[in-house]
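Raw run.cif, mmCIF, N, CA and C atoms:
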data_run
#
loop_
_atom_site.label_atom_id
_atom_site.label_comp_id
_atom_site.auth_asym_id
_atom_site.auth_seq_id
_atom_site.Cartn_x
_atom_site.Cartn_y
_atom_site.Cartn_z
N MET R 247 187.64 -50.65 151.48
CA MET R 247 188.23 -49.81 150.46
C MET R 247 189.06 -50.72 149.55
N ASP R 248 188.76 -50.64 148.27
CA ASP R 248 189.53 -51.46 147.34
C ASP R 248 190.81 -50.73 146.95
N ILE R 249 191.67 -51.41 146.23
CA ILE R 249 192.99 -50.87 145.87
C ILE R 249 192.87 -49.62 145.02
N SER R 250 191.86 -49.54 144.18
CA SER R 250 191.65 -48.39 143.32
C SER R 250 191.34 -47.13 144.16
N ASP R 251 190.46 -47.27 145.16
CA ASP R 251 190.14 -46.14 146.04
C ASP R 251 191.36 -45.71 146.85
N TRP R 252 192.12 -46.69 147.31
CA TRP R 252 193.33 -46.42 148.07
C TRP R 252 194.31 -45.60 147.22
N ALA R 253 194.53 -46.03 145.99
CA ALA R 253 195.46 -45.34 145.09
C ALA R 253 195.00 -43.91 144.83
N LYS R 254 193.72 -43.72 144.59
CA LYS R 254 193.18 -42.38 144.37
C LYS R 254 193.42 -41.49 145.59
N ASN R 255 193.19 -42.02 146.79
CA ASN R 255 193.40 -41.25 148.02
C ASN R 255 194.87 -40.86 148.20
N VAL R 256 195.76 -41.80 147.94
CA VAL R 256 197.20 -41.53 148.08
C VAL R 256 197.63 -40.45 147.08
N VAL R 257 197.17 -40.56 145.84
CA VAL R 257 197.52 -39.60 144.80
C VAL R 257 196.95 -38.22 145.14
N GLU R 258 195.72 -38.16 145.60
CA GLU R 258 195.11 -36.87 145.96
C GLU R 258 195.87 -36.19 147.09
N ARG R 259 196.27 -36.96 148.11
CA ARG R 259 197.05 -36.39 149.21
C ARG R 259 198.38 -35.84 148.71
N LYS R 260 199.03 -36.58 147.83
CA LYS R 260 200.31 -36.14 147.29
C LYS R 260 200.15 -34.90 146.43
N LYS R 261 199.12 -34.86 145.59
CA LYS R 261 198.86 -33.69 144.75
C LYS R 261 198.61 -32.46 145.62
N GLN R 262 197.84 -32.62 146.68
CA GLN R 262 197.54 -31.50 147.57
C GLN R 262 198.82 -31.02 148.27
N ALA R 263 199.64 -31.95 148.73
CA ALA R 263 200.89 -31.57 149.39
C ALA R 263 201.82 -30.83 148.43
N LEU R 264 201.90 -31.30 147.20
CA LEU R 264 202.75 -30.63 146.20
C LEU R 264 202.22 -29.24 145.87
N GLN R 265 200.91 -29.10 145.76
CA GLN R 265 200.30 -27.81 145.49
C GLN R 265 200.57 -26.83 146.64
N GLU R 266 200.46 -27.30 147.88
CA GLU R 266 200.73 -26.46 149.04
C GLU R 266 202.21 -26.04 149.08
N LYS R 267 203.10 -26.98 148.74
CA LYS R 267 204.53 -26.67 148.71
C LYS R 267 204.82 -25.63 147.62
N ARG R 268 204.22 -25.77 146.45
CA ARG R 268 204.41 -24.79 145.37
C ARG R 268 203.95 -23.40 145.79
N ALA R 269 202.81 -23.35 146.44
CA ALA R 269 202.27 -22.05 146.89
C ALA R 269 203.20 -21.43 147.94
N LYS R 270 203.71 -22.24 148.85
CA LYS R 270 204.65 -21.76 149.86
C LYS R 270 205.94 -21.28 149.21
N ASP R 271 206.49 -22.07 148.29
CA ASP R 271 207.72 -21.69 147.59
C ASP R 271 207.54 -20.41 146.78
N ASP R 272 206.38 -20.26 146.15
CA ASP R 272 206.10 -19.04 145.39
C ASP R 272 206.10 -17.81 146.30
N LYS R 273 205.50 -17.96 147.48
CA LYS R 273 205.46 -16.84 148.43
C LYS R 273 206.87 -16.52 148.92
N LEU R 274 207.67 -17.55 149.21
CA LEU R 274 209.05 -17.33 149.65
C LEU R 274 209.87 -16.67 148.54
N ASP R 275 209.71 -17.17 147.31
CA ASP R 275 210.43 -16.59 146.17
C ASP R 275 210.09 -15.11 145.99
N ALA R 276 208.82 -14.79 146.16
CA ALA R 276 208.36 -13.40 145.99
C ALA R 276 208.95 -12.48 147.06
N SER R 277 209.20 -13.00 148.25
CA SER R 277 209.72 -12.19 149.36
C SER R 277 211.24 -12.16 149.44
N LEU R 278 211.89 -13.16 148.86
CA LEU R 278 213.33 -13.34 149.06
C LEU R 278 214.17 -12.14 148.64
N GLY R 279 213.93 -11.60 147.47
CA GLY R 279 214.72 -10.47 146.99
C GLY R 279 214.63 -9.27 147.91
N LYS R 280 213.43 -8.95 148.33
CA LYS R 280 213.20 -7.80 149.21
C LYS R 280 213.89 -8.02 150.56
N LYS R 281 213.73 -9.21 151.12
CA LYS R 281 214.31 -9.51 152.43
C LYS R 281 215.84 -9.50 152.36
N TRP R 282 216.41 -10.01 151.27
CA TRP R 282 217.86 -10.01 151.10
C TRP R 282 218.37 -8.58 150.96
N THR R 283 217.67 -7.75 150.22
CA THR R 283 218.05 -6.35 150.07
C THR R 283 218.05 -5.66 151.44
N GLU R 284 217.06 -5.96 152.27
CA GLU R 284 217.01 -5.39 153.62
C GLU R 284 218.25 -5.78 154.43
N VAL R 285 218.65 -7.05 154.33
CA VAL R 285 219.84 -7.52 155.06
C VAL R 285 221.08 -6.78 154.57
N CYS R 286 221.25 -6.67 153.25
CA CYS R 286 222.43 -6.00 152.68
C CYS R 286 222.49 -4.54 153.10
N GLN R 287 221.37 -3.85 153.00
CA GLN R 287 221.33 -2.43 153.37
C GLN R 287 221.61 -2.25 154.86
N ALA R 288 221.05 -3.12 155.67
CA ALA R 288 221.27 -3.02 157.12
C ALA R 288 222.73 -3.34 157.46
N ALA R 289 223.34 -4.29 156.77
CA ALA R 289 224.75 -4.61 157.01
C ALA R 289 225.65 -3.44 156.63
N GLN R 290 225.34 -2.81 155.52
CA GLN R 290 226.13 -1.66 155.09
C GLN R 290 226.00 -0.51 156.11
N LYS R 291 224.80 -0.28 156.58
CA LYS R 291 224.56 0.78 157.57
C LYS R 291 225.26 0.45 158.89
N ALA R 292 225.17 -0.81 159.33
CA ALA R 292 225.81 -1.21 160.58
C ALA R 292 227.33 -1.06 160.48
N THR R 293 227.89 -1.41 159.32
CA THR R 293 229.32 -1.26 159.09
C THR R 293 229.72 0.21 159.18
N GLU R 294 228.95 1.07 158.54
CA GLU R 294 229.23 2.51 158.58
C GLU R 294 229.19 3.03 160.02
N GLN R 295 228.23 2.57 160.81
CA GLN R 295 228.12 3.02 162.20
C GLN R 295 229.31 2.56 163.04
N LEU R 296 229.72 1.30 162.86
CA LEU R 296 230.88 0.81 163.62
C LEU R 296 232.14 1.58 163.24
N ASN R 297 232.33 1.79 161.96
CA ASN R 297 233.52 2.52 161.50
C ASN R 297 233.52 3.95 162.04
N LYS R 298 232.35 4.57 162.06
CA LYS R 298 232.23 5.93 162.59
C LYS R 298 232.64 5.96 164.06
N GLU R 299 232.15 4.99 164.82
CA GLU R 299 232.48 4.91 166.25
C GLU R 299 233.96 4.59 166.47
N MET R 300 234.56 3.80 165.58
CA MET R 300 235.98 3.45 165.68
C MET R 300 236.87 4.62 165.25
N GLY R 301 236.34 5.52 164.45
CA GLY R 301 237.12 6.63 163.95
C GLY R 301 238.03 6.24 162.80
N GLN R 302 237.76 5.09 162.23
CA GLN R 302 238.54 4.60 161.08
C GLN R 302 237.73 3.55 160.34
N GLN R 303 238.14 3.23 159.14
CA GLN R 303 237.45 2.18 158.39
C GLN R 303 238.02 0.83 158.82
N TYR R 304 237.41 0.27 159.82
CA TYR R 304 237.86 -0.99 160.42
C TYR R 304 237.27 -2.18 159.69
N VAL R 305 235.99 -2.08 159.36
CA VAL R 305 235.28 -3.13 158.61
C VAL R 305 234.96 -2.57 157.23
N VAL R 306 235.31 -3.34 156.20
CA VAL R 306 235.03 -2.91 154.83
C VAL R 306 233.86 -3.74 154.30
N PHE R 307 232.78 -3.06 153.98
CA PHE R 307 231.61 -3.71 153.38
C PHE R 307 231.74 -3.60 151.87
N SER R 308 231.56 -4.71 151.17
CA SER R 308 231.49 -4.67 149.71
C SER R 308 230.49 -5.72 149.26
N GLN R 309 229.78 -5.39 148.18
CA GLN R 309 228.77 -6.31 147.68
C GLN R 309 229.15 -6.79 146.30
N ASP R 310 228.95 -8.07 146.08
CA ASP R 310 229.23 -8.70 144.80
C ASP R 310 228.37 -8.09 143.70
N ALA R 311 228.90 -8.07 142.51
CA ALA R 311 228.19 -7.48 141.37
C ALA R 311 226.83 -8.14 141.13
N ASN R 312 226.73 -9.45 141.34
CA ASN R 312 225.46 -10.12 141.10
C ASN R 312 224.53 -10.04 142.32
N ALA R 313 225.01 -9.40 143.38
CA ALA R 313 224.21 -9.11 144.58
C ALA R 313 223.78 -10.34 145.38
N ASP R 314 224.36 -11.51 145.11
CA ASP R 314 224.01 -12.69 145.88
C ASP R 314 224.97 -12.94 147.04
N LYS R 315 225.87 -11.99 147.29
CA LYS R 315 226.74 -12.09 148.45
C LYS R 315 227.29 -10.71 148.77
N PHE R 316 227.72 -10.58 150.02
CA PHE R 316 228.46 -9.39 150.40
C PHE R 316 229.58 -9.81 151.33
N SER R 317 230.57 -8.95 151.41
CA SER R 317 231.76 -9.25 152.18
C SER R 317 231.95 -8.22 153.28
N LEU R 318 232.38 -8.70 154.43
CA LEU R 318 232.74 -7.86 155.56
C LEU R 318 234.19 -8.18 155.87
N LYS R 319 235.08 -7.33 155.39
CA LYS R 319 236.51 -7.61 155.51
C LYS R 319 237.11 -6.82 156.67
N VAL R 320 237.83 -7.52 157.52
CA VAL R 320 238.55 -6.92 158.63
C VAL R 320 239.99 -7.39 158.51
N GLY R 321 240.88 -6.47 158.20
CA GLY R 321 242.28 -6.85 157.96
C GLY R 321 242.34 -7.81 156.79
N GLU R 322 242.94 -8.95 157.01
CA GLU R 322 243.05 -9.97 155.97
C GLU R 322 241.90 -10.98 156.00
N THR R 323 241.04 -10.87 157.00
CA THR R 323 239.93 -11.83 157.14
C THR R 323 238.72 -11.33 156.37
N ASP R 324 238.24 -12.16 155.47
CA ASP R 324 237.10 -11.82 154.64
C ASP R 324 235.91 -12.69 155.05
N ASN R 325 234.92 -12.07 155.65
CA ASN R 325 233.70 -12.76 156.09
C ASN R 325 232.65 -12.58 155.01
N VAL R 326 232.37 -13.65 154.27
CA VAL R 326 231.45 -13.57 153.15
C VAL R 326 230.08 -14.12 153.56
N VAL R 327 229.05 -13.33 153.29
CA VAL R 327 227.67 -13.70 153.58
C VAL R 327 227.00 -13.95 152.24
N ARG R 328 226.43 -15.15 152.05
CA ARG R 328 225.89 -15.56 150.75
C ARG R 328 224.39 -15.85 150.82
N LEU R 329 223.71 -15.48 149.76
CA LEU R 329 222.30 -15.82 149.58
C LEU R 329 222.24 -17.10 148.77
N GLU R 330 221.49 -18.06 149.24
CA GLU R 330 221.28 -19.31 148.50
C GLU R 330 219.81 -19.34 148.10
N ARG R 331 219.56 -18.84 146.89
CA ARG R 331 218.17 -18.68 146.42
C ARG R 331 217.36 -19.98 146.41
N PRO R 332 217.90 -21.10 145.89
CA PRO R 332 217.06 -22.31 145.82
C PRO R 332 216.56 -22.79 147.18
N ASN R 333 217.34 -22.53 148.23
CA ASN R 333 216.95 -22.99 149.56
C ASN R 333 216.37 -21.88 150.43
N HIS R 334 216.20 -20.69 149.83
CA HIS R 334 215.65 -19.54 150.57
C HIS R 334 216.45 -19.34 151.86
N ALA R 335 217.77 -19.26 151.74
CA ALA R 335 218.63 -19.20 152.92
C ALA R 335 219.78 -18.22 152.75
N ILE R 336 220.30 -17.78 153.87
CA ILE R 336 221.51 -16.97 153.93
C ILE R 336 222.54 -17.77 154.72
N HIS R 337 223.74 -17.89 154.14
CA HIS R 337 224.85 -18.53 154.85
C HIS R 337 225.77 -17.43 155.35
N GLY R 338 225.86 -17.31 156.66
CA GLY R 338 226.66 -16.26 157.27
C GLY R 338 228.15 -16.53 157.14
N GLY R 339 228.92 -15.51 157.46
CA GLY R 339 230.36 -15.58 157.35
C GLY R 339 231.01 -16.58 158.28
N ARG R 340 230.33 -16.94 159.34
CA ARG R 340 230.88 -17.90 160.31
C ARG R 340 230.07 -19.20 160.37
N GLY R 341 229.38 -19.51 159.28
CA GLY R 341 228.69 -20.78 159.18
C GLY R 341 227.25 -20.81 159.69
N LYS R 342 226.75 -19.71 160.18
CA LYS R 342 225.36 -19.65 160.64
C LYS R 342 224.46 -19.58 159.40
N THR R 343 223.38 -20.36 159.39
CA THR R 343 222.46 -20.36 158.26
C THR R 343 221.08 -19.91 158.72
N TYR R 344 220.55 -18.90 158.04
CA TYR R 344 219.23 -18.36 158.32
C TYR R 344 218.32 -18.77 157.16
N HIS R 345 217.15 -19.30 157.48
CA HIS R 345 216.20 -19.75 156.45
C HIS R 345 214.98 -18.83 156.45
N LEU R 346 214.54 -18.49 155.25
CA LEU R 346 213.31 -17.71 155.13
C LEU R 346 212.14 -18.68 155.28
N ALA R 347 211.23 -18.34 156.18
CA ALA R 347 210.10 -19.22 156.46
C ALA R 347 208.82 -18.40 156.53
N ILE R 348 207.71 -19.08 156.45
CA ILE R 348 206.41 -18.44 156.57
C ILE R 348 205.86 -18.73 157.96
N VAL R 349 205.58 -17.66 158.69
CA VAL R 349 204.97 -17.78 160.01
C VAL R 349 203.65 -17.03 159.94
N GLY R 350 202.58 -17.77 160.03
CA GLY R 350 201.26 -17.16 159.81
C GLY R 350 201.17 -16.76 158.36
N GLU R 351 201.02 -15.48 158.11
CA GLU R 351 200.99 -14.95 156.74
C GLU R 351 202.24 -14.14 156.41
N THR R 352 203.22 -14.15 157.32
CA THR R 352 204.41 -13.32 157.19
C THR R 352 205.64 -14.16 156.90
N THR R 353 206.55 -13.62 156.08
CA THR R 353 207.83 -14.29 155.87
C THR R 353 208.84 -13.72 156.86
N VAL R 354 209.57 -14.60 157.52
CA VAL R 354 210.58 -14.20 158.50
C VAL R 354 211.83 -15.06 158.31
N TRP R 355 212.97 -14.49 158.71
CA TRP R 355 214.21 -15.27 158.73
C TRP R 355 214.21 -16.08 160.01
N LYS R 356 214.66 -17.32 159.93
CA LYS R 356 214.74 -18.18 161.10
C LYS R 356 216.14 -18.75 161.23
N TYR R 357 216.63 -18.71 162.43
CA TYR R 357 217.81 -19.48 162.83
C TYR R 357 217.27 -20.27 164.00
N ASP R 358 216.79 -21.47 163.69
CA ASP R 358 215.96 -22.25 164.61
C ASP R 358 216.48 -22.24 166.02
N PRO R 359 215.56 -22.05 166.92
CA PRO R 359 214.12 -21.83 166.77
C PRO R 359 213.73 -20.35 166.77
N VAL R 360 214.69 -19.47 166.64
CA VAL R 360 214.45 -18.04 166.81
C VAL R 360 214.13 -17.35 165.48
N ASP R 361 213.18 -16.42 165.51
CA ASP R 361 212.90 -15.56 164.36
C ASP R 361 213.87 -14.38 164.39
N TYR R 362 214.37 -14.00 163.23
CA TYR R 362 215.29 -12.87 163.11
C TYR R 362 214.71 -11.86 162.12
N THR R 363 214.94 -10.59 162.38
CA THR R 363 214.63 -9.58 161.38
C THR R 363 215.86 -9.45 160.48
N SER R 364 215.70 -8.80 159.35
CA SER R 364 216.83 -8.56 158.46
C SER R 364 217.91 -7.75 159.17
N GLU R 365 217.50 -6.79 159.97
CA GLU R 365 218.45 -5.97 160.70
C GLU R 365 219.22 -6.78 161.74
N GLN R 366 218.55 -7.70 162.41
CA GLN R 366 219.24 -8.54 163.39
C GLN R 366 220.29 -9.42 162.73
N ILE R 367 219.98 -9.96 161.56
CA ILE R 367 220.96 -10.77 160.84
C ILE R 367 222.16 -9.90 160.48
N ALA R 368 221.90 -8.72 159.95
CA ALA R 368 222.99 -7.82 159.55
C ALA R 368 223.87 -7.48 160.75
N ARG R 369 223.27 -7.10 161.84
CA ARG R 369 224.05 -6.75 163.04
C ARG R 369 224.85 -7.94 163.54
N ASP R 370 224.24 -9.11 163.53
CA ASP R 370 224.92 -10.33 163.97
C ASP R 370 226.16 -10.60 163.11
N GLU R 371 226.00 -10.50 161.80
CA GLU R 371 227.11 -10.78 160.89
C GLU R 371 228.20 -9.71 161.00
N VAL R 372 227.82 -8.45 161.10
CA VAL R 372 228.81 -7.38 161.22
C VAL R 372 229.54 -7.50 162.55
N GLU R 373 228.81 -7.80 163.60
CA GLU R 373 229.46 -7.95 164.92
C GLU R 373 230.44 -9.11 164.93
N GLN R 374 230.07 -10.23 164.32
CA GLN R 374 230.99 -11.37 164.26
C GLN R 374 232.26 -11.00 163.49
N ALA R 375 232.12 -10.29 162.39
CA ALA R 375 233.28 -9.87 161.62
C ALA R 375 234.13 -8.90 162.45
N PHE R 376 233.49 -7.95 163.10
CA PHE R 376 234.15 -6.92 163.88
C PHE R 376 234.98 -7.52 165.03
N GLU R 377 234.38 -8.50 165.71
CA GLU R 377 235.04 -9.10 166.86
C GLU R 377 236.07 -10.15 166.48
N GLY R 378 236.02 -10.55 165.20
CA GLY R 378 237.03 -11.50 164.72
C GLY R 378 236.83 -12.85 165.25
#
Entire entry expressed as structure tokens:
Amino acid sequence: MDISDWAKNVVERKKQALQEKRAKDDKLDASLGKKWTEVCQAAQKATEQLNKEMGQQYVVFSQDANADKFSLKVGETDNVVRLERPNHAIHGGRGKTYHLAIVGETTVWKYDPVDYTSEQIARDEVEQAFEG
């Protein structure tokens, strides 16, 4: 194999890898908004259920106007959960990071090595805020 063939092979492999990454990123981008909305709605519902069981508004759920974060406030402690769109990730209130990934043909949240549903993330974050 001469240098010209080698260069063509290297370039073709790189082009294919970039094309595959673009296709994967496009699929993640298309799912991200829906999956984030599921997490927010589930967190709000979980907060309402805990408060109902407590008989008082113990955890205050509020969502940022731009919808890229929500807050779970308990007393003076504000647990902020943020969506990081460029990295397809959620940063939890206590430093846990969940990444949106493709498993088979499905997009799932991952906190390596475990797959999480949107509801599991919401419950996890609300429980951490609740327990302080």
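Selection by the PyMOL selection byres ((chain R and resi 272-285) around 8) on the present file picks out Glu266, Lys267, Arg268, Ala269, Lys270, Asp271, Cys286, Gln287, Ala288, Ala289, Gln290, Lys291, Ala313, Leu329, Arg331, His334, Ala335, Leu346, Ala347, Ile348, Thr353, Thr363, Ser364, Glu365, Gln366, Ile367, Ala368 and Arg369 of chain R.
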Could you find all residues in region 263-353 of chain R that DSSP calls strand (DSSP E) from the backbone, and write them as a PyMOL selection string? chain R and resi 306-309+315-320+323-330+335-337+343-349+352-353
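A straight line drawn from CA of Val305 (chain R) to atom N of Lys319 (chain R) is 5.3 Å long.
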How far is it from CA of Gln374 (chain R) to CA of Tyr304 (chain R), in Å with one decimal? 13.0 Å
If I wrap all listed atoms of region 338-357 of chain R in a box with edges along x, y and z and add 6 Å on each side, what are its centre and edge lengths in Å to one decimal, as lines of an AutoDock Vina configuration file?
center_x = 216.0
center_y = -17.1
center_z = 159.6
size_x = 42.0
size_y = 19.5
size_z = 20.9
Taking the file as shown, what set of residues would the PyMOL selection byres (((chain R and resi 339 and name CA) around 10) and name CA) give back, as a count of residues only? 19
Closest to Thr293 (chain R) among R:Ala311, R:Val354, R:Val360, R:Val306, using all atoms listed in the file?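 Distance minimum relative to Thr293 (chain R) lands on R:Val306.
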Atom C of Leu296 (chain R) to CA of Trp355 (chain R): how many Å, to one decimal? 25.0 Å
